[in-house]
Amino acid sequence: MSDLTLHLGQTLWFDGNPMIEGPEAARFDARGGIVVQDGHVVARGTADDLRRAYPQAVVEDHGQALILPGFIDAHVHYPQTAMIASWGKRLIDWLNTYTFPEEMRFGDPGYAAEIAGRYLDLALAHGTTTMCSYCTIHPESVDAYFTAAAARGMRVLGGKTCMDRNAPDGLRDTAQTAYDDSKALLNRWHGQGRASYVITPRFSPTSTPDQLSALGALWAEHPDCLMQTHLSEQTDEIDWVRGLYPEARDYLDTYEANGLLGANGLYGHAIHLEPRERDRLLEVGAALVHCPTSNTFIGSGLFDMAGLVAEGQRVGLATDTGGGSSFSMLRTMAAAYEVAQLRGVALHPSALLWLATEGSARSLRIADRVGTLAPGTEADFITIDLGSTPAIAQRSARAADIWEAVFPTIMMGDDRAVTGVWVMGEKRG
Ligand code: GUN
Ligand code: ZN
């Protein structure tokens, strides 16, 4: 038996879904804790109960800090780390001007390793312990990502971004090489330690129907894998898809017709959906990923969080770095709040915290392992200082309850609020 560690602080968790049930689904202990052993959570409760039940545990007292599951970012492009916050373009111009030239560099394994390490260290510093990333078309970029994550002990998901048209020379594969390379990478990485491979056609405009159907065939061979792509992010993009796929009923149909619609599918952005698309996404139980800082930064539109959740859609939350303008899931929660306000809905802090942890974990189908701090799950967790700047501290000092105490950090917090990061029980920041 290895050592038990008892981490004490304020604790918050969910025994229901606050997106549906409201804050009553949350459980809060002003003096609570978790017990960690062999990288896993073995118990959760009040500080007094845990001290009594585990008298032999080494105690790490985090005082008033809030202990949360590490944040889970359900859609990110790690290769866009160095070009985040690039000015002045909308989606298609932004891809051509900034994104594709940067992604071209990832054929160099040294550069891929440098950016993968830089990205993962930035993510950890912001309290994000798991993410689902697009890589580039280069297999080297996938190896760099999973290798860097393994060196940090992190549970990560990702895959080779496939594109065989409408991308520059040097950044295109083919239907066959996309299938072959993805399959080889899947066999190398899926289930290796804490890695999960995700089949990754970038989006319909940069794939031929042949490439989409080759990746659909690969997914049919590996239905336990997730598949990620982009859907209905900007109206110009949707018009372009209509021209490229004249037979398709709508954007989603370009995926559906090629075997790329399913319960393990992740559809990023999903802003301008047709009724048929919503019906089909719901019917198959796919996940939609909300990327609010990206949707405002690139000018894409306002995701219908309340309407989609009310009809029963599964939704995750993501930075979409570097179309998104931040590495921080706190900043991302703030943007989700603001976007919902623009649609007339105020998301409760419990819903925002759930989205950034358990909600994203559910969208990635890993909530049995991370994102909840339930006993038996992996001990990826963070401590949050609810008064990390003078501006936040003076507001939270007036708080009447935990929600008023945490909301200023959601709205105004950043990496300064993240005072500790543990991955499988090991301190990583
Ligand atoms: N659509 C296709 N590729 C991308 C990308 O890299 N970022 C965003 N935001 N949208 C995309
Ligand atoms: Zn994206």
# chains A, B, ... in the order shown; residues from 1 in each chain; ligands from 1
$ closest_atom_pairs --of "chain A" --to "ligand 2" --cutoff "9 Å" --atoms "only C-alpha atoms and all ligand atoms" --output "tab-separated table"
residue	atom	partner	partner_atom_place_in_ligand_line	distance
A:His75	CA	ligand 2	1 (Zn)	6.2
A:Val76	CA	ligand 2	1 (Zn)	6.0
A:His77	CA	ligand 2	1 (Zn)	6.2
A:Ser133	CA	ligand 2	1 (Zn)	8.6
A:Tyr134	CA	ligand 2	1 (Zn)	7.4
A:Arg202	CA	ligand 2	1 (Zn)	7.9
A:Thr229	CA	ligand 2	1 (Zn)	7.5
A:His230	CA	ligand 2	1 (Zn)	6.3
A:Gly268	CA	ligand 2	1 (Zn)	6.3
A:His269	CA	ligand 2	1 (Zn)	7.8
A:Cys291	CA	ligand 2	1 (Zn)	8.3
A:Ser294	CA	ligand 2	1 (Zn)	8.7
A:Thr319	CA	ligand 2	1 (Zn)	8.9
A:Asp320	CA	ligand 2	1 (Zn)	5.3
A:Thr321	CA	ligand 2	1 (Zn)	7.6
A:Gly322	CA	ligand 2	1 (Zn)	8.3
A:Gly323	CA	ligand 2	1 (Zn)	7.0
A:Gly324	CA	ligand 2	1 (Zn)	8.6
$ select_by_dssp --residues "range 62-237 of chain A" --states "strand (DSSP E or B)" --output "PyMOL selection string"
chain A and resi 62-69+71-77+128-134+156-159+161-162+195-201+226-231
$ residues_around --residues "Ser326 in chain A" --least-positions-apart "3" --cutoff "12 Å" --atoms "only C-alpha atoms" --output "mmCIF file with C-alpha atoms, in the first residue's frame"
data_model
loop_
_atom_site.group_PDB
_atom_site.id
_atom_site.type_symbol
_atom_site.label_atom_id
_atom_site.label_comp_id
_atom_site.auth_asym_id
_atom_site.auth_seq_id
_atom_site.Cartn_x
_atom_site.Cartn_y
_atom_site.Cartn_z
ATOM 1 C CA ASP A 73 -10.754 21.448 -22.821
ATOM 2 C CA VAL A 76 -8.078 22.804 -29.085
ATOM 3 C CA HIS A 77 -5.457 23.104 -31.822
ATOM 4 C CA GLN A 80 -1.832 27.143 -33.161
ATOM 5 C CA THR A 81 -0.208 28.021 -29.810
ATOM 6 C CA ALA A 82 2.373 30.410 -31.267
ATOM 7 C CA MET A 83 -0.103 32.265 -33.507
ATOM 8 C CA ILE A 84 -2.911 32.796 -30.980
ATOM 9 C CA ALA A 85 -4.367 36.342 -31.083
ATOM 10 C CA SER A 86 -3.674 37.004 -34.771
ATOM 11 C CA TYR A 119 1.316 24.216 -25.185
ATOM 12 C CA LEU A 122 0.669 26.611 -20.683
ATOM 13 C CA ALA A 123 -2.438 24.432 -20.373
ATOM 14 C CA HIS A 126 -4.053 27.473 -16.560
ATOM 15 C CA CYS A 291 -15.929 27.446 -28.261
ATOM 16 C CA PRO A 292 -17.077 30.876 -27.048
ATOM 17 C CA THR A 293 -13.844 32.915 -27.117
ATOM 18 C CA SER A 294 -13.211 31.701 -30.655
ATOM 19 C CA THR A 296 -16.493 36.002 -30.661
ATOM 20 C CA PHE A 297 -12.836 36.467 -31.699
ATOM 21 C CA ALA A 318 -13.479 24.415 -25.184
ATOM 22 C CA THR A 319 -10.916 27.144 -25.771
ATOM 23 C CA ASP A 320 -10.349 26.324 -29.484
ATOM 24 C CA THR A 321 -6.836 27.745 -29.050
ATOM 25 C CA GLY A 322 -5.628 29.560 -31.282
ATOM 26 C CA GLY A 323 -8.926 30.597 -32.985
ATOM 27 C CA MET A 329 -10.971 27.659 -19.172
ATOM 28 C CA LEU A 330 -11.874 30.375 -16.624
ATOM 29 C CA ARG A 331 -11.794 32.951 -19.427
ATOM 30 C CA THR A 332 -13.731 30.460 -21.579
ATOM 31 C CA MET A 333 -16.445 30.105 -18.918
ATOM 32 C CA ALA A 334 -16.678 33.915 -18.796
ATOM 33 C CA ALA A 335 -17.126 34.042 -22.563
ATOM 34 C CA GLY A 413 -9.740 35.045 -13.235
ATOM 35 C CA ASP A 414 -6.836 33.619 -15.224
ATOM 36 C CA ASP A 415 -3.752 31.512 -14.543
#
$ residues_around --residues "Gly33 in chain A" --least-positions-apart "6" --cutoff "9 Å" --atoms "only C-alpha atoms" --output "ChimeraX atom specification"
/A:6-11,43-47,50,61,67
$ residues_around --residues "range 274-276 of chain A" --least-positions-apart "3" --cutoff "8 Å" --atoms "only C-alpha atoms" --output "PyMOL selection string"
chain A and resi 250+279-280
$ write_last_selection --atoms "N, CA, C and O atoms" --output "PDB file, in the first residue's frame"
ATOM      1  N   ASP A 250     -27.549  19.320 -46.032  1.00  0.00           N
ATOM      2  CA  ASP A 250     -27.064  20.412 -45.180  1.00  0.00           C
ATOM      3  C   ASP A 250     -25.613  20.069 -44.824  1.00  0.00           C
ATOM      4  O   ASP A 250     -25.075  19.056 -45.285  1.00  0.00           O
ATOM      5  N   ASP A 279     -31.924  17.670 -35.073  1.00  0.00           N
ATOM      6  CA  ASP A 279     -32.636  16.404 -34.842  1.00  0.00           C
ATOM      7  C   ASP A 279     -31.694  15.211 -34.956  1.00  0.00           C
ATOM      8  O   ASP A 279     -31.717  14.302 -34.130  1.00  0.00           O
ATOM      9  N   ARG A 280     -30.876  15.217 -35.996  1.00  0.00           N
ATOM     10  CA  ARG A 280     -29.994  14.069 -36.224  1.00  0.00           C
ATOM     11  C   ARG A 280     -28.897  13.982 -35.153  1.00  0.00           C
ATOM     12  O   ARG A 280     -28.566  12.898 -34.682  1.00  0.00           O
TER      13      ARG A 280
END
$ closest_residue --among "A:Leu120, A:Val156, A:Ala149, A:Ile298" --to "ligand 1" --atoms "only C-alpha atoms and all ligand atoms"
A:Ile298
$ closest_residue --among "A:Val370, A:Ile137, A:Leu226, A:Met424" --to "Gly107 in chain A" --atoms "only C-alpha atoms"
A:Ile137
$ closest_residue --among "A:Ala178, A:Leu4, A:Ala356, A:Met104" --to "Gly371 in chain A" --atoms "only C-alpha atoms"
A:Ala356
$ atom_distance --atom1 "CA of Pro209 in chain A" --atom2 "CA of Leu171 in chain A"
17.8 Å
$ atom_distance --atom1 "CA of Asp380 in chain A" --atom2 "CA of Met131 in chain A"
12.4 Å
$ closest_residue --among "A:Gly88, A:Pro201, A:Gly243, A:Gly265" --to "ligand 1" --atoms "only C-alpha atoms and all ligand atoms"
A:Pro201
$ closest_residue --among "A:Gln176, A:Thr130, A:Ser196, A:Ser300" --to "ligand 1" --atoms "only C-alpha atoms and all ligand atoms"
A:Ser300
$ closest_residue --among "A:Leu12, A:Ile20, A:Ile271, A:Leu281" --to "ligand 1" --atoms "only C-alpha atoms and all ligand atoms"
A:Ile271
$ residues_around --residues "Thr377 in chain A" --least-positions-apart "4" --cutoff "6 Å" --atoms "only C-alpha atoms" --output "mmCIF file with C-alpha atoms, in the first residue's frame"
data_model
loop_
_atom_site.group_PDB
_atom_site.id
_atom_site.type_symbol
_atom_site.label_atom_id
_atom_site.label_comp_id
_atom_site.auth_asym_id
_atom_site.auth_seq_id
_atom_site.Cartn_x
_atom_site.Cartn_y
_atom_site.Cartn_z
ATOM 1 C CA HIS A 40 -6.548 7.886 -7.762
ATOM 2 C CA VAL A 41 -9.177 9.493 -5.569
ATOM 3 C CA ARG A 369 -11.946 8.572 -15.288
ATOM 4 C CA VAL A 370 -11.539 12.334 -14.935
#
$ residues_around --residues "Gly312 in chain A" --least-positions-apart "3" --cutoff "9 Å" --atoms "only C-alpha atoms" --output "ChimeraX atom specification"
/A:282,285,307-309
$ select_by_dssp --residues "range 299-404 of chain A" --states "alpha helix (DSSP H)" --output "PDB file with N, CA and C atoms, in the first residue's frame"
ATOM      1  N   MET A 305     -26.676  27.707 -26.429  1.00  0.00           N
ATOM      2  CA  MET A 305     -26.485  26.774 -25.309  1.00  0.00           C
ATOM      3  C   MET A 305     -27.815  26.345 -24.677  1.00  0.00           C
ATOM      4  N   ALA A 306     -28.628  27.314 -24.295  1.00  0.00           N
ATOM      5  CA  ALA A 306     -29.851  26.969 -23.553  1.00  0.00           C
ATOM      6  C   ALA A 306     -30.793  26.110 -24.404  1.00  0.00           C
ATOM      7  N   GLY A 307     -30.956  26.493 -25.664  1.00  0.00           N
ATOM      8  CA  GLY A 307     -31.872  25.751 -26.528  1.00  0.00           C
ATOM      9  C   GLY A 307     -31.365  24.334 -26.789  1.00  0.00           C
ATOM     10  N   LEU A 308     -30.067  24.199 -27.003  1.00  0.00           N
ATOM     11  CA  LEU A 308     -29.508  22.882 -27.307  1.00  0.00           C
ATOM     12  C   LEU A 308     -29.565  21.959 -26.097  1.00  0.00           C
ATOM     13  N   VAL A 309     -29.239  22.500 -24.917  1.00  0.00           N
ATOM     14  CA  VAL A 309     -29.297  21.681 -23.700  1.00  0.00           C
ATOM     15  C   VAL A 309     -30.747  21.292 -23.413  1.00  0.00           C
ATOM     16  N   ALA A 310     -31.664  22.258 -23.591  1.00  0.00           N
ATOM     17  CA  ALA A 310     -33.081  21.977 -23.303  1.00  0.00           C
ATOM     18  C   ALA A 310     -33.607  20.853 -24.192  1.00  0.00           C
ATOM     19  N   MET A 329      -9.567  28.088 -19.235  1.00  0.00           N
ATOM     20  CA  MET A 329     -10.971  27.659 -19.172  1.00  0.00           C
ATOM     21  C   MET A 329     -11.788  28.582 -18.269  1.00  0.00           C
ATOM     22  N   LEU A 330     -11.135  29.344 -17.373  1.00  0.00           N
ATOM     23  CA  LEU A 330     -11.874  30.375 -16.624  1.00  0.00           C
ATOM     24  C   LEU A 330     -12.353  31.449 -17.600  1.00  0.00           C
ATOM     25  N   ARG A 331     -11.436  31.941 -18.418  1.00  0.00           N
ATOM     26  CA  ARG A 331     -11.794  32.951 -19.427  1.00  0.00           C
ATOM     27  C   ARG A 331     -12.864  32.397 -20.383  1.00  0.00           C
ATOM     28  N   THR A 332     -12.769  31.110 -20.672  1.00  0.00           N
ATOM     29  CA  THR A 332     -13.731  30.460 -21.579  1.00  0.00           C
ATOM     30  C   THR A 332     -15.118  30.390 -20.943  1.00  0.00           C
ATOM     31  N   MET A 333     -15.151  30.090 -19.625  1.00  0.00           N
ATOM     32  CA  MET A 333     -16.445  30.105 -18.918  1.00  0.00           C
ATOM     33  C   MET A 333     -17.042  31.514 -18.944  1.00  0.00           C
ATOM     34  N   ALA A 334     -16.193  32.526 -18.768  1.00  0.00           N
ATOM     35  CA  ALA A 334     -16.678  33.915 -18.796  1.00  0.00           C
ATOM     36  C   ALA A 334     -17.290  34.222 -20.159  1.00  0.00           C
ATOM     37  N   ALA A 335     -16.611  33.786 -21.214  1.00  0.00           N
ATOM     38  CA  ALA A 335     -17.126  34.042 -22.563  1.00  0.00           C
ATOM     39  C   ALA A 335     -18.428  33.277 -22.794  1.00  0.00           C
ATOM     40  N   ALA A 336     -18.531  32.062 -22.255  1.00  0.00           N
ATOM     41  CA  ALA A 336     -19.781  31.296 -22.391  1.00  0.00           C
ATOM     42  C   ALA A 336     -20.914  32.033 -21.689  1.00  0.00           C
ATOM     43  N   TYR A 337     -20.595  32.619 -20.529  1.00  0.00           N
ATOM     44  CA  TYR A 337     -21.602  33.400 -19.804  1.00  0.00           C
ATOM     45  C   TYR A 337     -22.055  34.594 -20.652  1.00  0.00           C
ATOM     46  N   GLU A 338     -21.079  35.300 -21.224  1.00  0.00           N
ATOM     47  CA  GLU A 338     -21.398  36.510 -21.998  1.00  0.00           C
ATOM     48  C   GLU A 338     -22.194  36.176 -23.262  1.00  0.00           C
ATOM     49  N   VAL A 339     -21.809  35.117 -23.938  1.00  0.00           N
ATOM     50  CA  VAL A 339     -22.535  34.722 -25.155  1.00  0.00           C
ATOM     51  C   VAL A 339     -23.971  34.335 -24.806  1.00  0.00           C
ATOM     52  N   ALA A 340     -24.145  33.609 -23.698  1.00  0.00           N
ATOM     53  CA  ALA A 340     -25.506  33.230 -23.286  1.00  0.00           C
ATOM     54  C   ALA A 340     -26.313  34.478 -22.926  1.00  0.00           C
ATOM     55  N   GLN A 341     -25.678  35.449 -22.265  1.00  0.00           N
ATOM     56  CA  GLN A 341     -26.371  36.707 -21.941  1.00  0.00           C
ATOM     57  C   GLN A 341     -26.874  37.389 -23.208  1.00  0.00           C
ATOM     58  N   LEU A 342     -26.038  37.359 -24.265  1.00  0.00           N
ATOM     59  CA  LEU A 342     -26.455  37.980 -25.526  1.00  0.00           C
ATOM     60  C   LEU A 342     -27.652  37.257 -26.144  1.00  0.00           C
ATOM     61  N   PRO A 349     -23.170  29.918 -12.196  1.00  0.00           N
ATOM     62  CA  PRO A 349     -21.774  29.471 -12.013  1.00  0.00           C
ATOM     63  C   PRO A 349     -21.641  27.952 -11.886  1.00  0.00           C
ATOM     64  N   SER A 350     -22.639  27.292 -11.292  1.00  0.00           N
ATOM     65  CA  SER A 350     -22.562  25.822 -11.185  1.00  0.00           C
ATOM     66  C   SER A 350     -22.565  25.193 -12.570  1.00  0.00           C
ATOM     67  N   ALA A 351     -23.356  25.742 -13.491  1.00  0.00           N
ATOM     68  CA  ALA A 351     -23.416  25.211 -14.856  1.00  0.00           C
ATOM     69  C   ALA A 351     -22.083  25.459 -15.575  1.00  0.00           C
ATOM     70  N   LEU A 352     -21.504  26.628 -15.365  1.00  0.00           N
ATOM     71  CA  LEU A 352     -20.230  26.944 -16.032  1.00  0.00           C
ATOM     72  C   LEU A 352     -19.123  26.019 -15.530  1.00  0.00           C
ATOM     73  N   LEU A 353     -19.066  25.811 -14.205  1.00  0.00           N
ATOM     74  CA  LEU A 353     -18.026  24.931 -13.660  1.00  0.00           C
ATOM     75  C   LEU A 353     -18.234  23.488 -14.117  1.00  0.00           C
ATOM     76  N   TRP A 354     -19.483  23.073 -14.175  1.00  0.00           N
ATOM     77  CA  TRP A 354     -19.786  21.714 -14.635  1.00  0.00           C
ATOM     78  C   TRP A 354     -19.339  21.536 -16.092  1.00  0.00           C
ATOM     79  N   SER A 360     -17.431  18.619 -20.085  1.00  0.00           N
ATOM     80  CA  SER A 360     -16.472  18.332 -21.154  1.00  0.00           C
ATOM     81  C   SER A 360     -16.007  16.880 -21.087  1.00  0.00           C
ATOM     82  N   ALA A 361     -15.820  16.363 -19.863  1.00  0.00           N
ATOM     83  CA  ALA A 361     -15.424  14.947 -19.730  1.00  0.00           C
ATOM     84  C   ALA A 361     -16.494  14.039 -20.329  1.00  0.00           C
ATOM     85  N   ARG A 362     -17.753  14.371 -20.071  1.00  0.00           N
ATOM     86  CA  ARG A 362     -18.835  13.556 -20.660  1.00  0.00           C
ATOM     87  C   ARG A 362     -18.837  13.653 -22.175  1.00  0.00           C
ATOM     88  N   SER A 363     -18.586  14.854 -22.695  1.00  0.00           N
ATOM     89  CA  SER A 363     -18.593  14.990 -24.155  1.00  0.00           C
ATOM     90  C   SER A 363     -17.486  14.127 -24.766  1.00  0.00           C
ATOM     91  N   PRO A 390      -6.321  41.761  -6.605  1.00  0.00           N
ATOM     92  CA  PRO A 390      -7.038  42.698  -5.729  1.00  0.00           C
ATOM     93  C   PRO A 390      -8.471  42.938  -6.192  1.00  0.00           C
ATOM     94  N   ALA A 391      -8.689  43.015  -7.487  1.00  0.00           N
ATOM     95  CA  ALA A 391     -10.045  43.277  -7.991  1.00  0.00           C
ATOM     96  C   ALA A 391     -10.986  42.122  -7.662  1.00  0.00           C
ATOM     97  N   ILE A 392     -10.499  40.892  -7.828  1.00  0.00           N
ATOM     98  CA  ILE A 392     -11.335  39.718  -7.526  1.00  0.00           C
ATOM     99  C   ILE A 392     -11.530  39.599  -6.017  1.00  0.00           C
ATOM    100  N   ALA A 393     -10.448  39.811  -5.264  1.00  0.00           N
ATOM    101  CA  ALA A 393     -10.507  39.634  -3.807  1.00  0.00           C
ATOM    102  C   ALA A 393     -11.513  40.593  -3.172  1.00  0.00           C
ATOM    103  N   GLN A 394     -11.530  41.855  -3.622  1.00  0.00           N
ATOM    104  CA  GLN A 394     -12.446  42.809  -2.990  1.00  0.00           C
ATOM    105  C   GLN A 394     -13.903  42.459  -3.313  1.00  0.00           C
ATOM    106  N   ARG A 395     -14.138  41.818  -4.452  1.00  0.00           N
ATOM    107  CA  ARG A 395     -15.516  41.417  -4.784  1.00  0.00           C
ATOM    108  C   ARG A 395     -15.918  40.146  -4.038  1.00  0.00           C
ATOM    109  N   SER A 396     -15.009  39.160  -4.015  1.00  0.00           N
ATOM    110  CA  SER A 396     -15.397  37.891  -3.369  1.00  0.00           C
ATOM    111  C   SER A 396     -15.471  38.051  -1.842  1.00  0.00           C
ATOM    112  N   ILE A 402     -21.126  30.424  -1.766  1.00  0.00           N
ATOM    113  CA  ILE A 402     -20.032  29.939  -2.623  1.00  0.00           C
ATOM    114  C   ILE A 402     -20.183  30.451  -4.056  1.00  0.00           C
ATOM    115  N   TRP A 403     -21.409  30.604  -4.515  1.00  0.00           N
ATOM    116  CA  TRP A 403     -21.584  31.013  -5.930  1.00  0.00           C
ATOM    117  C   TRP A 403     -21.145  32.457  -6.130  1.00  0.00           C
ATOM    118  N   GLU A 404     -21.462  33.300  -5.163  1.00  0.00           N
ATOM    119  CA  GLU A 404     -20.993  34.688  -5.238  1.00  0.00           C
ATOM    120  C   GLU A 404     -19.487  34.755  -5.040  1.00  0.00           C
TER     121      GLU A 404
END
$ atom_distance --atom1 "CA of Cys135 in chain A" --atom2 "CA of Gln211 in chain A"
17.3 Å
$ decode --residues "range 155-176 of chain A" --atoms "N, CA, C and O atoms" --output "compact mmCIF listing (two decimals), in the first residue's frame"
# COMPACT_ATOMS: atom_id res chain seq x y z
N ARG A 155 -3.67 12.75 -19.21
CA ARG A 155 -4.67 12.09 -20.05
C ARG A 155 -5.03 13.05 -21.17
O ARG A 155 -5.57 14.14 -20.92
N VAL A 156 -4.69 12.71 -22.41
CA VAL A 156 -4.99 13.59 -23.54
C VAL A 156 -5.58 12.79 -24.69
O VAL A 156 -5.38 11.58 -24.80
N LEU A 157 -6.29 13.51 -25.53
CA LEU A 157 -6.89 12.93 -26.72
C LEU A 157 -6.48 13.79 -27.91
O LEU A 157 -6.28 15.00 -27.76
N GLY A 158 -6.38 13.17 -29.07
CA GLY A 158 -6.05 13.96 -30.25
C GLY A 158 -5.79 13.09 -31.46
O GLY A 158 -5.80 11.86 -31.38
N GLY A 159 -5.57 13.77 -32.59
CA GLY A 159 -5.31 13.02 -33.81
C GLY A 159 -4.79 13.88 -34.93
O GLY A 159 -4.79 15.12 -34.86
N LYS A 160 -4.34 13.19 -35.97
CA LYS A 160 -3.82 13.83 -37.18
C LYS A 160 -4.95 14.53 -37.92
O LYS A 160 -5.97 13.90 -38.26
N THR A 161 -4.79 15.82 -38.19
CA THR A 161 -5.76 16.58 -38.97
C THR A 161 -5.61 16.21 -40.44
O THR A 161 -4.52 16.32 -41.00
N CYS A 162 -6.71 15.77 -41.04
CA CYS A 162 -6.65 15.32 -42.44
C CYS A 162 -7.24 16.39 -43.37
O CYS A 162 -8.32 16.93 -43.11
N MET A 163 -6.51 16.67 -44.47
CA MET A 163 -6.97 17.65 -45.49
C MET A 163 -6.41 17.22 -46.84
O MET A 163 -5.19 17.07 -46.97
N ASP A 164 -7.27 17.06 -47.83
CA ASP A 164 -6.75 16.72 -49.16
C ASP A 164 -7.23 17.68 -50.25
O ASP A 164 -7.08 17.39 -51.44
N ARG A 165 -7.79 18.82 -49.84
CA ARG A 165 -8.07 19.87 -50.83
C ARG A 165 -8.23 21.21 -50.10
O ARG A 165 -8.38 21.26 -48.88
N ASN A 166 -8.17 22.29 -50.91
CA ASN A 166 -8.35 23.64 -50.37
C ASN A 166 -7.39 23.97 -49.23
O ASN A 166 -7.75 24.69 -48.29
N ALA A 167 -6.21 23.42 -49.32
CA ALA A 167 -5.13 23.75 -48.39
C ALA A 167 -3.85 23.86 -49.23
O ALA A 167 -3.79 23.28 -50.32
N PRO A 168 -2.86 24.60 -48.76
CA PRO A 168 -1.68 24.84 -49.61
C PRO A 168 -0.82 23.59 -49.82
O PRO A 168 -0.94 22.61 -49.07
N ASP A 169 0.04 23.68 -50.83
CA ASP A 169 1.02 22.61 -51.05
C ASP A 169 1.80 22.40 -49.76
O ASP A 169 2.16 23.35 -49.08
N GLY A 170 2.05 21.15 -49.45
CA GLY A 170 2.80 20.86 -48.23
C GLY A 170 1.89 20.66 -47.04
O GLY A 170 2.34 20.26 -45.96
N LEU A 171 0.60 20.94 -47.23
CA LEU A 171 -0.33 20.75 -46.11
C LEU A 171 -1.55 19.93 -46.55
O LEU A 171 -2.65 20.10 -46.05
N ARG A 172 -1.29 19.05 -47.54
CA ARG A 172 -2.36 18.17 -47.99
C ARG A 172 -1.87 16.73 -47.97
O ARG A 172 -0.72 16.45 -48.31
N ASP A 173 -2.77 15.84 -47.54
CA ASP A 173 -2.53 14.41 -47.70
C ASP A 173 -3.47 13.93 -48.81
O ASP A 173 -3.89 14.74 -49.64
N THR A 174 -3.80 12.66 -48.85
CA THR A 174 -4.78 12.15 -49.81
C THR A 174 -5.78 11.31 -49.03
O THR A 174 -5.60 11.10 -47.82
N ALA A 175 -6.81 10.83 -49.72
CA ALA A 175 -7.77 9.96 -49.03
C ALA A 175 -7.02 8.74 -48.47
O ALA A 175 -7.22 8.34 -47.31
N GLN A 176 -6.15 8.17 -49.30
CA GLN A 176 -5.45 6.94 -48.89
C GLN A 176 -4.44 7.19 -47.77
O GLN A 176 -4.39 6.45 -46.79
